[in-house]
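A short write-up of the structure that comes next.
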Amino acid sequence: MKIIHNFIRTHWQISIYLLFFTIVFSIKIIQNPFPFFDWDESIYAQVGREMIQAKTIVPHWQGQNWLDKPPLVPLFYGLVMGATPFVLPEISTRIATLFLSVFALALTYLLYWKVLKEQWLTTLVVITTSLSSIFLQRAQVLNVDIFLLIGWLGYLLFYKKFWTSLVFLSCAVYSKSLIGFYPVGIMGLFFLYRFLTKQIDAKKLLEEFKRLIIHFLILVIWYIGMFIFYGNNFLYQHFYESHVKRVTASIESHFGQRTFYLDLLFIEFGKHIWWSILGFSLLVYQWIRKRLSDKRLLYALFIIPWFIFLNLTKTKIFWYGHPYIPQFALLMVYPLSLIKKARLIYSLVIISIIITLFHQYFISSNVLDSFYSSNDPHHIVAKIANSYCDELNVVVEPEGREAYQTLKSMDLLITTSRWWGNHPSMIYYFNGDLHFVYTLEELHEKKDIASGRTCFVVHRNDIEAMQFLNMQVRFTKDPLQLYVN
């Protein structure tokens, strides 16, 4: 407690901001308990709930083993829901995510303070990071990315503490799998560089490599256990589909320009992102001139290799950019460090930028009015169906069926692709068995074996499906219709 008290007292700027961020967005989440949205948020909520109900650490989706993801994230959300039955899950899990995001911001501050050595400028980096649209979205919805960022930053910050760094590394690995080992690779390259430049001897290099290898081997135990229990199915789904295929192909419609992740920076920061080029150049120049140590350069550019790697992958998803947002926030503001000695001008510039950011995000375009979910027709239909149905068959609309067949013909689907349908959140809000129907042939089969409490959900534009179903329309929430047998 004394350490925390001293930190708050000496770093009061960031302490006040993080408190403000926590209070404001907690109130927003509590006042707006919208349903879990498609895709990932409802998936993690459902998988977590099933893991707690089944008392297992293996992710489950409608009773099936979900082998392409590690267990940490859904288990965490399942435990939060289980521990707070008196709170709506849509509130408790999102508040938990917000607290994790604030913790990630605190780690971001600690890391970049080691680079900047100045409270106001480092606080500006954190504010810039926290108000980016990607970070704000990830801070208010269930997701895996915040666990990854915490794991990476914590491992780098606490690397010298064997067990503490291992806990952070496990957070990254058991949330995002192999990508979580990223800091191990970066630290390995860092010590190899120091050895090749004769800054450390072979004994020190082996000592550091031993630590990295032990960390790696301890966490690999989970993979070995999963292979023992699930064999080649685990290898295929977890490694090939979830890793290799995502790098080499735009699976599940995640297409995008080659410059997708670069363009994302301009969407997030606008023309101000050009300052990051100057910041990067300045860091490298200072390092070459020995004004910046190797360790400070490591801290400053830790996530740049990840950004480069993303630009080489084929699958384009905006939230993959979440970890590099603080990296470019640092690069954009770093040029301001050149005027630190002119204290009055420096202080006025920093304060002016902070006021501008607050005006832009809380007045001009109020981020408190931005929501990532709403009470949509598919949520309402799924809840209403609980009164009439034991089994629910959701017919994917014609456009979705066509897209599914196209992706299938291009080998851009994975084992779980047909699990999610077009609205996986319906599975969370419907208490019985729910199946997504991708072809009219499947619909015929479902209709032929339908029992008394078997229901169908059809889009109002799906003329073929509606003509085939000779059933009563029990409920309509445009554009969806609920048919009861």
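Residues are named by chain letter and number: chains run A, B, ... in the order of the structure tokens, numbers start at 1 in each chain, and ligands are numbered from 1 in the order shown.
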Spatial neighbours of Glu50 (chain A), 12 Å, only C-alpha atoms, chain gap at least 6 places, as a PyMOL selection string: chain A and resi 43-44+56-66+71+74-75+77-79+81-82+427-428+431
Writer output for current selection, N, CA and C atoms, as a JSON list (two decimals), in the first residue's frame:
[["chain", "number", "residue", "atom", "x", "y", "z"],
["A", 43, "ILE", "N", -19.87, -14.29, -27.78],
["A", 43, "ILE", "CA", -19.20, -15.60, -27.80],
["A", 43, "ILE", "C", -18.47, -15.84, -26.50],
["A", 44, "TYR", "N", -17.70, -14.85, -26.02],
["A", 44, "TYR", "CA", -16.97, -15.02, -24.77],
["A", 44, "TYR", "C", -17.91, -15.14, -23.58],
["A", 56, "THR", "N", -15.38, -26.86, -16.11],
["A", 56, "THR", "CA", -14.26, -27.29, -16.94],
["A", 56, "THR", "C", -13.38, -26.09, -17.28],
["A", 57, "ILE", "N", -12.12, -26.35, -17.58],
["A", 57, "ILE", "CA", -11.23, -25.28, -18.04],
["A", 57, "ILE", "C", -11.00, -25.37, -19.54],
["A", 58, "VAL", "N", -11.78, -26.23, -20.20],
["A", 58, "VAL", "CA", -11.73, -26.31, -21.65],
["A", 58, "VAL", "C", -12.91, -25.51, -22.20],
["A", 59, "PRO", "N", -12.65, -24.52, -23.07],
["A", 59, "PRO", "CA", -13.75, -23.71, -23.62],
["A", 59, "PRO", "C", -14.82, -24.58, -24.29],
["A", 60, "HIS", "N", -16.09, -24.26, -24.03],
["A", 60, "HIS", "CA", -17.22, -24.99, -24.60],
["A", 60, "HIS", "C", -18.15, -24.03, -25.33],
["A", 61, "TRP", "N", -18.69, -24.50, -26.45],
["A", 61, "TRP", "CA", -19.71, -23.75, -27.17],
["A", 61, "TRP", "C", -20.85, -24.69, -27.49],
["A", 62, "GLN", "N", -21.99, -24.48, -26.87],
["A", 62, "GLN", "CA", -23.15, -25.35, -27.00],
["A", 62, "GLN", "C", -22.76, -26.82, -26.78],
["A", 63, "GLY", "N", -21.97, -27.05, -25.75],
["A", 63, "GLY", "CA", -21.58, -28.40, -25.37],
["A", 63, "GLY", "C", -20.41, -28.98, -26.14],
["A", 64, "GLN", "N", -19.94, -28.28, -27.18],
["A", 64, "GLN", "CA", -18.81, -28.77, -27.97],
["A", 64, "GLN", "C", -17.51, -28.12, -27.51],
["A", 65, "ASN", "N", -16.43, -28.87, -27.58],
["A", 65, "ASN", "CA", -15.12, -28.33, -27.20],
["A", 65, "ASN", "C", -14.66, -27.30, -28.23],
["A", 66, "TRP", "N", -14.31, -26.13, -27.76],
["A", 66, "TRP", "CA", -13.82, -25.05, -28.63],
["A", 66, "TRP", "C", -12.30, -25.05, -28.52],
["A", 71, "PRO", "N", -8.09, -20.94, -22.65],
["A", 71, "PRO", "CA", -9.26, -20.84, -21.77],
["A", 71, "PRO", "C", -9.37, -19.57, -20.93],
["A", 74, "PRO", "N", -12.55, -16.53, -21.64],
["A", 74, "PRO", "CA", -13.93, -16.93, -21.31],
["A", 74, "PRO", "C", -14.07, -17.40, -19.87],
["A", 75, "LEU", "N", -13.03, -18.06, -19.32],
["A", 75, "LEU", "CA", -13.09, -18.50, -17.93],
["A", 75, "LEU", "C", -13.17, -17.30, -17.00],
["A", 77, "TYR", "N", -14.45, -14.33, -17.65],
["A", 77, "TYR", "CA", -15.79, -13.74, -17.71],
["A", 77, "TYR", "C", -16.84, -14.64, -17.07],
["A", 78, "GLY", "N", -16.65, -15.95, -17.20],
["A", 78, "GLY", "CA", -17.55, -16.87, -16.54],
["A", 78, "GLY", "C", -17.48, -16.74, -15.04],
["A", 79, "LEU", "N", -16.27, -16.59, -14.51],
["A", 79, "LEU", "CA", -16.08, -16.42, -13.07],
["A", 79, "LEU", "C", -16.68, -15.11, -12.58],
["A", 81, "MET", "N", -19.25, -13.54, -13.91],
["A", 81, "MET", "CA", -20.70, -13.72, -13.88],
["A", 81, "MET", "C", -21.13, -14.58, -12.70],
["A", 82, "GLY", "N", -20.34, -15.63, -12.42],
["A", 82, "GLY", "CA", -20.68, -16.51, -11.32],
["A", 82, "GLY", "C", -20.53, -15.85, -9.96],
["A", 427, "ILE", "N", -27.63, -17.22, -29.23],
["A", 427, "ILE", "CA", -27.39, -18.43, -28.45],
["A", 427, "ILE", "C", -27.31, -18.10, -26.96],
["A", 428, "TYR", "N", -26.72, -16.95, -26.65],
["A", 428, "TYR", "CA", -26.63, -16.54, -25.24],
["A", 428, "TYR", "C", -28.02, -16.26, -24.67],
["A", 431, "ASN", "N", -32.45, -20.06, -24.25],
["A", 431, "ASN", "CA", -32.08, -21.04, -23.24],
["A", 431, "ASN", "C", -32.10, -22.49, -23.72]]
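When DSSP reads the backbone of this structure, the residues of region 227-446 of chain A it assigns to strand (DSSP E or B) are A:Glu391, A:Leu392, A:Asn393, A:Val394, A:Val395, A:Asp433, A:Leu434, A:His435, A:Phe436, A:Val437.
Among the candidates A:Leu412, A:Leu368, A:Leu480, A:Ala139, the residue lying nearest to Ile380 (chain A) is A:Leu480 (atoms considered: only C-alpha atoms).
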Expected answer as number ranges by chain: alpha helix (DSSP H) residues in region 41-284 of chain A: A: 41-54, 72-83, 89-116, 119-130, 133-140, 145-157, 162-176, 182-196, 202-234, 245-248, 260-269, 275-284
At a cut-off of 7 Å, using only C-alpha atoms, what residues contact region 112-125 of chain A? Leave out same-chain residues fewer than 2 positions from it and give the result as a PDB file with N, CA and C atoms, in the first residue's frame.
ATOM      1  N   HIS A  11       3.004  10.767  -8.847  1.00  0.00           N
ATOM      2  CA  HIS A  11       2.495  10.761 -10.230  1.00  0.00           C
ATOM      3  C   HIS A  11       1.008  11.113 -10.195  1.00  0.00           C
ATOM      4  N   GLN A  13      -0.739  13.314 -11.744  1.00  0.00           N
ATOM      5  CA  GLN A  13      -1.423  13.623 -13.009  1.00  0.00           C
ATOM      6  C   GLN A  13      -2.120  12.380 -13.580  1.00  0.00           C
ATOM      7  N   ILE A  14      -1.368  11.294 -13.709  1.00  0.00           N
ATOM      8  CA  ILE A  14      -1.951  10.075 -14.274  1.00  0.00           C
ATOM      9  C   ILE A  14      -2.953   9.451 -13.311  1.00  0.00           C
ATOM     10  N   THR A 108       1.005   1.014 -19.303  1.00  0.00           N
ATOM     11  CA  THR A 108       1.497   1.850 -20.403  1.00  0.00           C
ATOM     12  C   THR A 108       2.244   3.051 -19.858  1.00  0.00           C
ATOM     13  N   TYR A 109       1.688   3.652 -18.818  1.00  0.00           N
ATOM     14  CA  TYR A 109       2.352   4.799 -18.187  1.00  0.00           C
ATOM     15  C   TYR A 109       3.706   4.392 -17.609  1.00  0.00           C
ATOM     16  N   LEU A 110       3.746   3.290 -16.873  1.00  0.00           N
ATOM     17  CA  LEU A 110       4.989   2.841 -16.258  1.00  0.00           C
ATOM     18  C   LEU A 110       6.060   2.553 -17.307  1.00  0.00           C
ATOM     19  N   ILE A 127      -3.410   9.438 -22.227  1.00  0.00           N
ATOM     20  CA  ILE A 127      -4.683  10.048 -22.618  1.00  0.00           C
ATOM     21  C   ILE A 127      -4.948   9.806 -24.099  1.00  0.00           C
ATOM     22  N   THR A 128      -3.929  10.011 -24.926  1.00  0.00           N
ATOM     23  CA  THR A 128      -4.070   9.790 -26.368  1.00  0.00           C
ATOM     24  C   THR A 128      -4.446   8.346 -26.665  1.00  0.00           C
ATOM     25  N   THR A 129      -3.818   7.429 -25.960  1.00  0.00           N
ATOM     26  CA  THR A 129      -4.132   6.003 -26.130  1.00  0.00           C
ATOM     27  C   THR A 129      -5.561   5.708 -25.722  1.00  0.00           C
ATOM     28  N   ARG A 296      16.204   1.709 -23.108  1.00  0.00           N
ATOM     29  CA  ARG A 296      15.160   2.709 -23.334  1.00  0.00           C
ATOM     30  C   ARG A 296      14.614   2.611 -24.758  1.00  0.00           C
ATOM     31  N   TYR A 299      12.184  -0.287 -24.745  1.00  0.00           N
ATOM     32  CA  TYR A 299      10.908   0.120 -24.178  1.00  0.00           C
ATOM     33  C   TYR A 299      10.112   0.984 -25.162  1.00  0.00           C
ATOM     34  N   ALA A 300      10.827   1.861 -25.863  1.00  0.00           N
ATOM     35  CA  ALA A 300      10.163   2.821 -26.748  1.00  0.00           C
ATOM     36  C   ALA A 300       9.596   2.178 -28.010  1.00  0.00           C
ATOM     37  N   ALA A 329       0.970   6.295 -30.084  1.00  0.00           N
ATOM     38  CA  ALA A 329       0.709   7.466 -29.241  1.00  0.00           C
ATOM     39  C   ALA A 329       2.022   8.013 -28.701  1.00  0.00           C
ATOM     40  N   LEU A 330       2.918   7.117 -28.291  1.00  0.00           N
ATOM     41  CA  LEU A 330       4.240   7.549 -27.825  1.00  0.00           C
ATOM     42  C   LEU A 330       5.022   8.225 -28.939  1.00  0.00           C
ATOM     43  N   VAL A 333       3.901  11.864 -29.704  1.00  0.00           N
ATOM     44  CA  VAL A 333       4.180  12.930 -28.730  1.00  0.00           C
ATOM     45  C   VAL A 333       5.670  13.044 -28.400  1.00  0.00           C
ATOM     46  N   ILE A 350       1.761  21.155 -23.619  1.00  0.00           N
ATOM     47  CA  ILE A 350       1.169  19.913 -23.107  1.00  0.00           C
ATOM     48  C   ILE A 350      -0.257  20.149 -22.628  1.00  0.00           C
ATOM     49  N   ILE A 354      -3.837  18.601 -24.120  1.00  0.00           N
ATOM     50  CA  ILE A 354      -4.766  17.839 -23.281  1.00  0.00           C
ATOM     51  C   ILE A 354      -6.159  18.465 -23.308  1.00  0.00           C
TER      52      ILE A 354
END
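If you measure from each of A:Glu402, A:Asp390, A:Glu397, A:Asp145 to Pro479 (chain A) using only C-alpha atoms, the closest one turns out to be A:Glu397.
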Residues near Tyr155 (chain A), cut-off 12 Å, only C-alpha atoms, skip fewer than 4 positions along chain, as a ChimeraX atom specification: /A:107,111,148-151,159-173,180-187,212,215,299,302
Requested write-out: C-alpha atoms of the selected residues, as a short mmCIF file (atom, residue, chain, number, x, y, z; two decimals), in the first residue's frame:
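The result, stored in part.cif:
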data_model
loop_
_atom_site.label_atom_id
_atom_site.label_comp_id
_atom_site.auth_asym_id
_atom_site.auth_seq_id
_atom_site.Cartn_x
_atom_site.Cartn_y
_atom_site.Cartn_z
CA LEU A 107 1.24 -0.31 -17.28
CA LEU A 111 6.61 1.63 -19.48
CA LEU A 148 -2.83 -9.67 -24.46
CA LEU A 149 -1.72 -6.06 -23.98
CA ILE A 150 -1.50 -6.46 -20.20
CA GLY A 151 0.54 -9.63 -20.62
CA TYR A 159 11.09 -9.18 -16.63
CA LYS A 160 13.68 -9.31 -13.83
CA LYS A 161 11.11 -10.77 -11.43
CA PHE A 162 10.89 -14.41 -12.55
CA TRP A 163 7.46 -15.33 -11.19
CA THR A 164 5.80 -11.96 -11.72
CA SER A 165 6.87 -11.85 -15.34
CA LEU A 166 5.71 -15.45 -15.79
CA VAL A 167 2.23 -14.51 -14.53
CA PHE A 168 2.05 -11.69 -17.07
CA LEU A 169 3.31 -13.95 -19.85
CA SER A 170 0.69 -16.57 -18.98
CA CYS A 171 -1.95 -13.84 -19.24
CA ALA A 172 -0.84 -13.15 -22.81
CA VAL A 173 -0.37 -16.78 -23.87
CA GLY A 180 1.34 -14.24 -26.40
CA PHE A 181 4.96 -15.43 -26.62
CA TYR A 182 5.85 -12.25 -28.54
CA PRO A 183 7.78 -10.60 -25.66
CA VAL A 184 9.87 -13.76 -25.19
CA GLY A 185 11.03 -13.47 -28.80
CA ILE A 186 11.70 -9.74 -28.47
CA MET A 187 13.70 -10.17 -25.26
CA LEU A 212 13.25 -17.29 -21.40
CA HIS A 215 9.18 -19.45 -19.09
CA TYR A 299 10.91 0.12 -24.18
CA PHE A 302 8.73 -2.69 -28.18
#
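Proximity ranking of A:Gln360, A:Ser175, A:Asn6, A:Ser373 relative to Gln140 (chain A) places A:Ser373 first, based on only C-alpha atoms.
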Surrounding residues of Glu241 (chain A) excluding itself and chain neighbours under 3 positions, 8 Å, only C-alpha atoms, as a VMD selection string: chain A and resid 68 236 to 238 244 to 246 414 to 415
Could you please take those selected residues and save all heavy atoms as a CSV table (one decimal), in the first residue's frame?
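Printed below is result-v9.csv as written:
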chain,number,residue,atom,x,y,z
A,68,ASP,N,-9.8,-24.0,-30.6
A,68,ASP,CA,-8.9,-23.0,-31.3
A,68,ASP,C,-8.5,-21.8,-30.4
A,68,ASP,O,-7.8,-20.9,-30.8
A,68,ASP,CB,-9.4,-22.6,-32.6
A,68,ASP,CG,-10.7,-21.7,-32.5
A,68,ASP,OD1,-11.3,-21.7,-31.4
A,68,ASP,OD2,-11.0,-21.1,-33.5
A,236,TYR,N,-5.0,-29.4,-35.4
A,236,TYR,CA,-5.6,-28.9,-36.6
A,236,TYR,C,-6.3,-27.6,-36.3
A,236,TYR,O,-6.1,-26.5,-37.0
A,236,TYR,CB,-6.5,-29.9,-37.2
A,236,TYR,CG,-7.2,-29.4,-38.5
A,236,TYR,CD1,-6.4,-29.4,-39.7
A,236,TYR,CD2,-8.5,-28.9,-38.5
A,236,TYR,CE1,-7.0,-28.9,-40.8
A,236,TYR,CE2,-9.1,-28.5,-39.7
A,236,TYR,CZ,-8.3,-28.4,-40.8
A,236,TYR,OH,-8.9,-28.0,-42.0
A,237,GLN,N,-7.2,-27.6,-35.3
A,237,GLN,CA,-8.0,-26.4,-35.0
A,237,GLN,C,-7.2,-25.3,-34.4
A,237,GLN,O,-7.4,-24.1,-34.7
A,237,GLN,CB,-9.2,-26.8,-34.1
A,237,GLN,CG,-10.2,-27.7,-34.8
A,237,GLN,CD,-11.3,-28.0,-33.8
A,237,GLN,OE1,-11.8,-27.2,-33.1
A,237,GLN,NE2,-11.8,-29.3,-33.9
A,238,HIS,N,-6.3,-25.6,-33.4
A,238,HIS,CA,-5.6,-24.6,-32.7
A,238,HIS,C,-4.4,-24.0,-33.4
A,238,HIS,O,-4.2,-22.8,-33.4
A,238,HIS,CB,-5.1,-25.1,-31.3
A,238,HIS,CG,-4.7,-24.1,-30.4
A,238,HIS,ND1,-5.6,-23.4,-29.5
A,238,HIS,CD2,-3.5,-23.5,-30.2
A,238,HIS,CE1,-4.9,-22.5,-28.8
A,238,HIS,NE2,-3.6,-22.6,-29.2
A,244,VAL,N,-1.9,-20.5,-38.5
A,244,VAL,CA,-1.4,-20.5,-39.9
A,244,VAL,C,-2.3,-19.9,-40.9
A,244,VAL,O,-2.0,-19.1,-41.7
A,244,VAL,CB,-1.0,-22.0,-40.3
A,244,VAL,CG1,-0.5,-22.0,-41.7
A,244,VAL,CG2,0.1,-22.5,-39.3
A,245,LYS,N,-3.6,-20.4,-40.8
A,245,LYS,CA,-4.6,-19.9,-41.8
A,245,LYS,C,-4.9,-18.4,-41.7
A,245,LYS,O,-5.1,-17.8,-42.7
A,245,LYS,CB,-5.9,-20.8,-41.7
A,245,LYS,CG,-6.6,-20.9,-43.0
A,245,LYS,CD,-7.7,-22.0,-42.8
A,245,LYS,CE,-8.4,-22.2,-44.2
A,245,LYS,NZ,-9.4,-23.3,-44.1
A,246,ARG,N,-4.9,-17.9,-40.5
A,246,ARG,CA,-5.1,-16.5,-40.3
A,246,ARG,C,-4.0,-15.6,-40.9
A,246,ARG,O,-4.3,-14.5,-41.3
A,246,ARG,CB,-5.3,-16.1,-38.8
A,246,ARG,CG,-6.6,-16.7,-38.2
A,246,ARG,CD,-6.7,-16.3,-36.8
A,246,ARG,NE,-7.9,-16.9,-36.2
A,246,ARG,CZ,-9.1,-16.4,-36.2
A,246,ARG,NH1,-9.3,-15.3,-36.9
A,246,ARG,NH2,-10.1,-17.0,-35.7
A,414,ILE,N,-13.3,-22.1,-41.2
A,414,ILE,CA,-12.6,-23.0,-40.3
A,414,ILE,C,-13.7,-23.8,-39.6
A,414,ILE,O,-14.9,-23.6,-39.8
A,414,ILE,CB,-11.7,-22.2,-39.3
A,414,ILE,CG1,-12.6,-21.2,-38.5
A,414,ILE,CG2,-10.6,-21.5,-40.0
A,414,ILE,CD1,-11.8,-20.5,-37.4
A,415,THR,N,-13.3,-24.7,-38.7
A,415,THR,CA,-14.2,-25.7,-38.1
A,415,THR,C,-15.4,-25.0,-37.4
A,415,THR,O,-16.5,-25.4,-37.5
A,415,THR,CB,-13.4,-26.5,-37.1
A,415,THR,OG1,-12.4,-27.2,-37.7
A,415,THR,CG2,-14.4,-27.5,-36.4
Within 9 Å of His423 (chain A) using only C-alpha atoms, minus same-chain residues under 2 positions, as a ChimeraX atom specification: /A:37-39,378-379,420-421,425-427
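Residues in contact with Asn485 (chain A) at 8 Å, where only C-alpha atoms are counted and same-chain residues fewer than 5 positions away are skipped, are listed as Ala450, Ser451, Gly452, Arg453, Thr454, Cys455, Met471 and Gln472 of chain A.
Shortest separation to Val396 (chain A) among A:Phe430, A:Trp306, A:Thr439, A:Ile355 occurs at residue A:Thr439, atoms counted being only C-alpha atoms.
Among the candidates A:Lys176, A:Lys341, A:His5, A:His459, the one nearest to Val73 (chain A) when counting only C-alpha atoms is A:Lys176.
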